[in-house]
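Structure data follow from query.txt (compact mmCIF, C-alpha atoms):
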```txt
# COMPACT_ATOMS: atom_id res chain seq x y z
CA MET Y 10 108.97 209.56 -30.35
CA GLU Y 11 111.54 206.82 -30.20
CA MET Y 12 110.24 203.51 -28.94
CA THR Y 13 112.90 200.93 -28.21
CA ASP Y 14 111.83 197.45 -29.33
CA TYR Y 15 113.20 194.24 -27.91
CA MET Y 16 112.29 190.90 -29.44
CA CYS Y 17 111.59 187.82 -27.38
CA SER Y 18 110.63 184.31 -28.34
CA ARG Y 19 106.90 184.92 -28.85
CA LYS Y 20 106.18 188.62 -29.09
CA SER Y 21 107.62 192.09 -29.21
CA ILE Y 22 107.94 193.74 -25.79
CA HIS Y 23 108.24 197.51 -25.50
CA LEU Y 24 110.00 199.56 -22.90
CA LEU Y 25 107.73 202.59 -23.03
CA THR Y 26 110.07 205.52 -23.58
CA TYR Y 27 109.91 208.60 -25.75
CA GLY Y 28 112.71 210.77 -27.07
CA ALA Y 29 115.39 208.51 -25.59
CA SER Y 30 116.31 204.88 -25.10
CA ILE Y 31 117.08 203.03 -21.91
CA ASP Y 32 119.72 200.32 -21.89
CA LEU Y 33 118.84 197.04 -20.24
CA PHE Y 34 121.03 196.64 -17.21
CA SER Y 35 120.24 195.90 -13.61
CA LEU Y 36 121.61 197.19 -10.35
CA HIS Y 37 119.11 195.26 -8.27
CA HIS Y 38 119.82 193.41 -5.05
CA GLU Y 39 119.59 189.67 -5.76
CA ILE Y 40 117.38 187.88 -3.21
CA PRO Y 41 117.66 184.08 -2.98
CA LYS Y 42 114.45 182.08 -2.86
CA SER Y 43 115.54 180.56 0.46
CA GLU Y 44 115.01 183.95 2.16
CA VAL Y 45 111.33 184.14 1.18
CA GLU Y 46 110.19 180.51 1.01
CA GLU Y 47 108.01 180.86 4.11
CA ILE Y 48 106.19 183.80 2.52
CA LEU Y 49 105.52 181.95 -0.74
CA LYS Y 50 102.71 179.84 0.67
CA ASN Y 51 99.10 179.90 -0.42
CA ASP Y 52 97.79 181.36 2.83
CA ASN Y 53 99.99 184.41 2.23
CA MET Y 54 98.71 184.99 -1.31
CA ILE Y 55 96.83 188.28 -1.65
CA TYR Y 56 96.42 188.71 -5.41
CA CYS Y 57 96.63 186.60 -8.55
CA THR Y 58 96.48 187.63 -12.21
CA PHE Y 59 97.16 185.99 -15.55
CA PHE Y 60 100.77 187.23 -15.30
CA THR Y 61 101.74 187.22 -11.63
CA THR Y 62 100.95 185.93 -8.15
CA THR Y 63 101.48 188.30 -5.20
CA TYR Y 64 102.21 187.32 -1.61
CA ARG Y 65 102.49 189.31 1.60
CA GLY Y 66 104.86 188.64 4.49
CA ILE Y 67 107.85 189.72 6.56
CA TRP Y 68 111.34 189.81 5.00
CA LYS Y 69 114.28 190.93 7.13
CA GLY Y 70 111.95 192.70 9.53
CA LYS Y 71 110.13 194.57 6.77
CA GLU Y 72 106.56 194.02 5.66
CA VAL Y 73 106.76 193.26 1.95
CA VAL Y 74 104.88 192.00 -1.06
CA ILE Y 75 106.50 189.43 -3.31
CA LYS Y 76 105.41 189.40 -6.94
CA VAL Y 77 106.13 186.03 -8.60
CA PHE Y 78 106.13 186.07 -12.40
CA LYS Y 79 104.54 183.40 -14.56
CA ILE Y 80 107.11 183.15 -17.31
CA GLU Y 81 105.63 180.37 -19.41
CA GLY Y 82 103.35 181.74 -22.11
CA SER Y 83 102.14 184.98 -20.56
CA VAL Y 84 105.09 187.05 -19.40
CA SER Y 85 108.48 186.77 -21.07
CA TRP Y 86 111.84 186.73 -19.38
CA THR Y 87 112.61 189.96 -21.23
CA SER Y 88 109.59 191.67 -19.70
CA PHE Y 89 110.64 190.59 -16.21
CA THR Y 90 114.22 191.84 -16.59
CA LYS Y 91 112.95 195.18 -17.85
CA GLU Y 92 110.69 195.59 -14.84
CA ILE Y 93 113.49 194.99 -12.34
CA THR Y 94 115.77 197.25 -14.40
CA LEU Y 95 113.32 200.10 -14.07
CA LEU Y 96 112.64 199.47 -10.41
CA SER Y 97 116.38 199.42 -9.72
CA ILE Y 98 117.10 202.80 -11.28
CA LEU Y 99 113.97 204.72 -10.26
CA SER Y 100 113.31 206.23 -6.86
CA HIS Y 101 110.56 208.67 -5.93
CA PRO Y 102 108.26 209.19 -2.92
CA ASN Y 103 105.22 208.31 -5.05
CA LEU Y 104 106.64 205.13 -6.57
CA CYS Y 105 106.25 201.90 -4.63
CA PRO Y 106 109.68 201.19 -2.97
CA PHE Y 107 111.66 198.25 -4.40
CA TYR Y 108 113.96 196.05 -2.28
CA GLY Y 109 115.30 193.49 -4.74
CA ALA Y 110 114.53 190.49 -6.92
CA SER Y 111 115.41 186.94 -7.80
CA THR Y 112 116.50 186.22 -11.37
CA ASP Y 113 116.27 182.47 -10.91
CA LYS Y 114 114.39 181.42 -14.04
CA GLU Y 115 112.57 178.64 -12.19
CA MET Y 116 110.79 181.23 -10.01
CA PRO Y 117 111.59 184.86 -10.79
CA PHE Y 118 110.17 187.35 -8.33
CA LEU Y 119 110.56 190.87 -7.04
CA VAL Y 120 110.22 192.19 -3.51
CA MET Y 121 108.61 195.55 -2.77
CA LYS Y 122 107.42 197.44 0.28
CA TYR Y 123 103.94 196.55 1.47
CA ILE Y 124 101.68 199.60 1.38
CA PRO Y 125 99.37 199.04 4.37
CA ARG Y 126 95.97 199.89 3.02
CA GLU Y 127 94.52 199.11 -0.41
CA THR Y 128 94.29 200.18 -4.04
CA LEU Y 129 92.34 203.14 -5.32
CA ARG Y 130 89.95 200.66 -6.90
CA ASP Y 131 88.98 199.41 -3.43
CA ILE Y 132 88.28 202.95 -2.24
CA LEU Y 133 86.25 203.81 -5.34
CA LYS Y 134 84.13 200.69 -4.87
CA ARG Y 135 83.26 201.75 -1.33
CA GLU Y 136 82.52 205.29 -2.47
CA ARG Y 137 80.04 204.01 -5.05
CA GLU Y 138 78.36 201.66 -2.58
CA ALA Y 139 78.06 204.16 0.28
CA LYS Y 140 74.38 204.73 1.06
CA ASP Y 141 75.10 207.79 3.20
CA PRO Y 142 77.20 210.57 1.61
CA LYS Y 143 78.85 211.05 5.02
CA GLU Y 144 80.46 207.62 4.58
CA ARG Y 145 82.42 208.89 1.59
CA VAL Y 146 85.99 210.10 2.12
CA LEU Y 147 86.86 211.48 -1.32
CA ASP Y 148 86.07 215.15 -0.87
CA THR Y 149 87.65 217.83 -3.09
CA SER Y 150 90.62 218.35 -0.79
CA LEU Y 151 91.55 214.66 -0.67
CA VAL Y 152 91.02 214.22 -4.41
CA VAL Y 153 93.37 217.14 -5.08
CA ASN Y 154 96.02 215.74 -2.73
CA MET Y 155 95.84 212.24 -4.19
CA CYS Y 156 95.94 213.63 -7.72
CA MET Y 157 99.04 215.63 -6.73
CA ASN Y 158 100.70 212.40 -5.60
CA ALA Y 159 99.87 210.74 -8.92
CA ALA Y 160 101.01 213.77 -10.93
CA ASN Y 161 104.28 213.97 -8.99
CA GLY Y 162 105.04 210.32 -9.67
CA LEU Y 163 104.11 210.63 -13.33
CA HIS Y 164 106.09 213.84 -13.74
CA TYR Y 165 109.15 212.01 -12.40
CA LEU Y 166 108.64 209.16 -14.90
CA HIS Y 167 108.08 211.59 -17.76
CA GLN Y 168 111.26 213.49 -16.89
CA LYS Y 169 113.05 210.14 -17.24
CA LYS Y 170 111.45 209.78 -20.69
CA LEU Y 171 109.23 206.98 -19.44
CA ILE Y 172 105.53 206.44 -19.98
CA HIS Y 173 103.53 204.68 -17.29
CA GLY Y 174 101.33 203.13 -19.96
CA TYR Y 175 98.88 201.35 -17.67
CA ILE Y 176 97.14 203.92 -15.49
CA LYS Y 177 94.02 202.59 -13.80
CA PRO Y 178 92.76 202.52 -10.18
CA GLU Y 179 94.27 199.08 -9.52
CA ASN Y 180 97.74 200.49 -10.17
CA PHE Y 181 97.45 203.21 -7.52
CA LEU Y 182 98.29 201.97 -4.02
CA ILE Y 183 96.94 204.01 -1.11
CA ASP Y 184 98.45 203.93 2.39
CA GLU Y 185 96.78 204.59 5.74
CA HIS Y 186 97.31 208.34 5.35
CA TYR Y 187 95.81 208.36 1.84
CA ASN Y 188 99.19 208.87 0.20
CA LEU Y 189 99.22 207.47 -3.32
CA PHE Y 190 101.93 205.30 -4.91
CA LEU Y 191 102.27 204.24 -8.55
CA MET Y 192 103.03 200.68 -9.52
CA ASN Y 193 103.18 198.53 -12.68
CA PHE Y 194 104.77 201.19 -14.86
CA GLY Y 195 107.01 201.45 -17.89
CA VAL Y 196 106.92 197.97 -19.42
CA THR Y 197 104.11 197.09 -21.79
CA ASP Y 198 103.63 194.46 -24.46
CA LYS Y 199 101.54 195.80 -27.34
CA CYS Y 200 100.07 192.33 -27.79
CA ILE Y 201 99.21 192.13 -24.11
CA TYR Y 202 96.15 194.36 -24.58
CA ASN Y 203 94.41 191.37 -26.15
CA ILE Y 204 94.53 189.44 -22.87
CA LEU Y 205 94.23 192.20 -20.29
CA PRO Y 206 91.12 192.26 -18.10
CA HIS Y 207 88.14 193.04 -20.32
CA ASP Y 208 87.62 196.55 -18.94
CA SER Y 209 91.24 197.79 -19.21
CA PHE Y 210 90.52 199.79 -22.37
CA ILE Y 211 88.28 202.11 -20.33
CA TRP Y 212 91.32 204.12 -19.22
CA MET Y 213 93.21 204.07 -22.54
CA ALA Y 214 93.82 207.21 -24.57
CA PRO Y 215 92.37 207.39 -28.11
CA GLU Y 216 95.78 206.95 -29.74
CA VAL Y 217 96.38 203.81 -27.66
CA LEU Y 218 92.98 202.39 -28.59
CA ALA Y 219 93.77 203.12 -32.24
CA ASP Y 220 97.23 201.50 -31.89
CA LYS Y 221 98.95 204.72 -32.92
CA GLU Y 222 102.05 206.44 -31.64
CA ARG Y 223 101.81 207.34 -27.98
CA ASP Y 224 103.83 209.48 -25.59
CA HIS Y 225 103.69 210.75 -22.00
CA ARG Y 226 100.46 212.66 -22.73
CA SER Y 227 98.67 209.33 -23.15
CA ASP Y 228 99.12 209.08 -19.39
CA SER Y 229 97.37 212.46 -19.04
CA PHE Y 230 94.24 211.08 -20.68
CA SER Y 231 94.20 207.97 -18.50
CA LEU Y 232 94.66 210.04 -15.36
CA ALA Y 233 91.63 212.14 -16.38
CA ILE Y 234 89.43 209.05 -16.45
CA VAL Y 235 90.61 208.02 -12.97
CA LEU Y 236 90.07 211.57 -11.71
CA TRP Y 237 86.53 211.55 -13.15
CA GLU Y 238 85.84 208.31 -11.25
CA MET Y 239 86.99 209.94 -8.03
CA VAL Y 240 84.66 212.92 -8.35
CA ALA Y 241 81.67 211.24 -10.03
CA LYS Y 242 81.68 208.12 -7.80
CA LYS Y 243 80.73 206.04 -10.85
CA VAL Y 244 82.21 203.45 -13.19
CA PRO Y 245 83.29 205.14 -16.45
CA TYR Y 246 80.99 204.53 -19.45
CA ASN Y 247 78.82 202.23 -17.34
CA ASP Y 248 75.69 203.09 -19.32
CA ILE Y 249 77.18 202.06 -22.66
CA VAL Y 250 76.10 198.57 -23.71
CA PRO Y 251 77.61 196.55 -25.30
CA ARG Y 252 80.94 197.55 -23.78
CA PHE Y 253 82.92 197.36 -27.03
CA GLU Y 254 80.86 200.36 -28.23
CA ILE Y 255 82.97 202.49 -25.87
CA VAL Y 256 85.97 202.29 -28.19
CA PHE Y 257 83.91 203.46 -31.18
CA LYS Y 258 82.37 206.31 -29.21
CA ILE Y 259 85.75 207.55 -27.94
CA LEU Y 260 87.48 207.32 -31.32
CA GLN Y 261 84.69 208.36 -33.66
CA GLU Y 262 82.34 210.46 -31.54
CA ARG Y 263 84.92 211.87 -29.10
CA PHE Y 264 82.55 210.87 -26.33
CA ARG Y 265 83.31 211.87 -22.74
CA GLU Y 266 81.35 211.36 -19.54
CA GLU Y 267 79.47 214.32 -18.08
CA ILE Y 268 81.24 216.02 -15.19
CA PRO Y 269 78.75 216.35 -12.29
CA ASP Y 270 77.51 219.85 -11.51
CA ASP Y 271 78.69 219.67 -7.91
CA VAL Y 272 82.33 219.10 -8.86
CA ASP Y 273 84.71 221.97 -8.10
CA PRO Y 274 84.86 224.05 -11.33
CA GLN Y 275 88.67 224.08 -11.37
CA LEU Y 276 88.78 220.32 -10.96
CA GLY Y 277 86.27 219.92 -13.75
CA GLN Y 278 88.42 222.09 -16.00
CA VAL Y 279 91.49 220.01 -15.13
CA ILE Y 280 89.68 216.84 -16.22
CA ARG Y 281 88.65 218.45 -19.52
CA ARG Y 282 92.21 219.62 -20.20
CA LEU Y 283 93.64 216.18 -19.46
CA TRP Y 284 91.27 214.19 -21.68
CA GLU Y 285 91.45 216.31 -24.81
CA GLN Y 286 91.18 214.15 -27.94
CA GLU Y 287 94.19 215.81 -29.58
CA VAL Y 288 97.41 214.84 -27.84
CA ASP Y 289 99.02 218.27 -28.25
CA ALA Y 290 96.09 219.94 -26.48
CA ARG Y 291 96.38 217.88 -23.30
CA MET Y 292 97.67 219.27 -20.04
CA GLU Y 293 101.04 217.83 -19.04
CA MET Y 294 102.07 216.89 -15.51
CA GLU Y 295 104.19 219.96 -14.86
CA HIS Y 296 101.29 222.29 -15.63
CA LEU Y 297 98.85 220.04 -13.78
CA LEU Y 298 100.98 220.27 -10.63
CA GLU Y 299 101.00 224.06 -10.81
CA VAL Y 300 97.20 224.09 -10.97
CA LEU Y 301 96.81 221.54 -8.18
CA TYR Y 302 99.17 223.40 -5.84
CA GLU Y 303 97.13 226.56 -6.39
CA MET Y 304 93.92 224.63 -5.73
CA ARG Y 305 95.32 223.10 -2.55
CA ASP Y 306 96.38 226.50 -1.25
CA GLY Y 307 92.95 227.89 -2.05
CA LEU Y 308 91.21 225.05 -0.24
CA GLY Y 309 93.27 225.74 2.87
```
Go ahead and express the file in the form of structure tokens.
Amino acid sequence: MEMTDYMCSRKSIHLLTYGASIDLFSLHHEIPKSEVEEILKNDNMIYCTFFTTTYRGIWKGKEVVIKVFKIEGSVSWTSFTKEITLLSILSHPNLCPFYGASTDKEMPFLVMKYIPRETLRDILKREREAKDPKERVLDTSLVVNMCMNAANGLHYLHQKKLIHGYIKPENFLIDEHYNLFLMNFGVTDKCIYNILPHDSFIWMAPEVLADKERDHRSDSFSLAIVLWEMVAKKVPYNDIVPRFEIVFKILQERFREEIPDDVDPQLGQVIRRLWEQEVDARMEMEHLLEVLYEMRDGLG
């Protein structure tokens, strides 16, 4: 695996590629701040993290989200330029559409299509809290279809020699028809894992937890954990206390959650193939798609 390193003022940022390098250039449409100033007001804010603040509004007749980067201290200028570089050169039905960005260093931001529903995390929370099983929407058919969306998007990235690197329910957007879109892919700071939300390691592959070489099959492992959440309707490793014991159990004991008995046997086998401890044993996206298409046809 070849991992292209770029140094910035405080830390080393990595464009997550394997087997190839990607040059930093941008073909993005530059959007002046004056076009979005009305959107960038607190009452339009929908999400805030350590790294970014996200707003929702109308830009040129389109419903959009605007992601404003916090450059000082947490996210480097290099990281921002890499993200817009990737968004400018990638296009796929299961990647969140990108309209343009501002490279004004006083307030850098990017503009993307608003997906009118929620994240997979929101859906999973409702599934877990549903008192009546009839209130749950994630049946086998829908899980297979949503997993196909994720696998299609990931297969596209992997064909481009890119690793998503940050698969978790928050990074899957779901529209009103339950179509799934990937976001926040391809740019990761190895040091950033120290300041990510405390539960982010739950979805990380063993080689990532051990800070070893990773490739596209690290995404396979992470997808397996998300898929388990969808079928089990539970938080992964929720019974393990203290939480830092999870890392030890995954690395040293090769611990995995039990797959519920009522899960479709083929889907259970898919999860097991995706979360194999050994990287070379894991199912890749191309094979996963073949299996999922067969499952979908069988489900009618």
Discussion item. Report, in Å with one decimal, the straight-line distance from atom CA of Y:Lys140 to atom CA of Y:Glu238.
Written reply: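 Separation of atom CA of Y:Lys140 and atom CA of Y:Glu238: 17.2 Å.
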Discussion item. Could you check the closest approach to Y:Ser88 for each of Y:Tyr123, Y:Phe194, Y:Phe210, Y:Trp237 and tell me which residue wins, using only C-alpha atoms?
Written reply: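 Ranking Y:Tyr123, Y:Phe194, Y:Phe210, Y:Trp237 by distance to Y:Ser88, first place goes to Y:Phe194.
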Worksheet item: Could you work out how far atom CA of Y:Gly162 lies from atom CA of Y:Glu72, giving the answer in Å with one decimal?
Response: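 So the answer is 22.4 Å.
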Practice prompt. Find, counting all atoms listed in the file, the residue in Y:Leu308, Y:Ala233, Y:Met155, Y:Ile211 that gets nearest to Y:Ile249.
Written response: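 Among Y:Leu308, Y:Ala233, Y:Met155, Y:Ile211, it is Y:Ile211 that comes nearest to Y:Ile249.
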Worksheet item: Could you name the residues that touch Y:Leu283 at 8 Å or less, counting all atoms listed in the file, but leaving out those on the same chain fewer than 2 positions away, as a list in words?
Response: Ser229, Phe230, Leu232, Ala233, Val279, Ile280, Arg281, Glu285, Arg291, Met292 and Glu293 of chain Y
Fill in: Which of Y:Phe181, Y:Phe118, Y:Tyr165, Y:Phe59 sits closest to Y:Phe78 [using all atoms listed in the file]
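Among the listed residues, the smallest separation from Y:Phe78 belongs to Y:Phe118.
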Item to complete: One decimal, Å: what's the distance from atom CA of Y:Lys76 over to atom CA of Y:His37, could you say?
Response: 15.0 Å
Centre and edge lengths of an axis-aligned box around all listed atoms of stretch 266-279 of chain Y, with 3 Å added on each side, are to be given in Å to one decimal, as lines of an AutoDock Vina configuration file.
```
center_x = 84.5
center_y = 217.7
center_z = -13.7
size_x = 20.0
size_y = 18.7
size_z = 17.6
```
Worksheet entry | Selected residue, from Y:Ser231, Y:Asn51, Y:Asn247, Y:Asn161, that lies nearest to Y:Arg282 when counting all atoms listed in the file |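 Residue with the minimum atom-to-atom distance to Y:Arg282: Y:Ser231.
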Discussion item. With distances taken over all atoms listed in the file, which residue among Y:Asp52, Y:Asp113, Y:Asp148, Y:Asp228 lies nearest Y:Met294?
Written reply: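 The closest residue to Y:Met294 is Y:Asp228.
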Worksheet item: Which residues, written as a ChimeraX atom specification, have at least one atom at most 7 Å from Y:Leu298, with only C-alpha atoms counted and residues fewer than 4 positions away on the same chain left out?
Response: /Y:157,160,294,302
Could you write those residues out with C-alpha atoms, as an mmCIF file, keeping the file's coordinate frame?
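Writing done, so here's out-v5.cif:
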```cif
data_model
loop_
_atom_site.group_PDB
_atom_site.id
_atom_site.type_symbol
_atom_site.label_atom_id
_atom_site.label_comp_id
_atom_site.auth_asym_id
_atom_site.auth_seq_id
_atom_site.Cartn_x
_atom_site.Cartn_y
_atom_site.Cartn_z
ATOM 1 C CA MET Y 157 99.040 215.630 -6.730
ATOM 2 C CA ALA Y 160 101.010 213.770 -10.930
ATOM 3 C CA MET Y 294 102.070 216.890 -15.510
ATOM 4 C CA TYR Y 302 99.170 223.400 -5.840
#
```
Item to complete: Find the residue from Y:Gly109, Y:Pro125, Y:Pro245, Y:Gly70 that sits nearest to Y:Thr94; use only C-alpha atoms when measuring.
Response: Y:Gly109
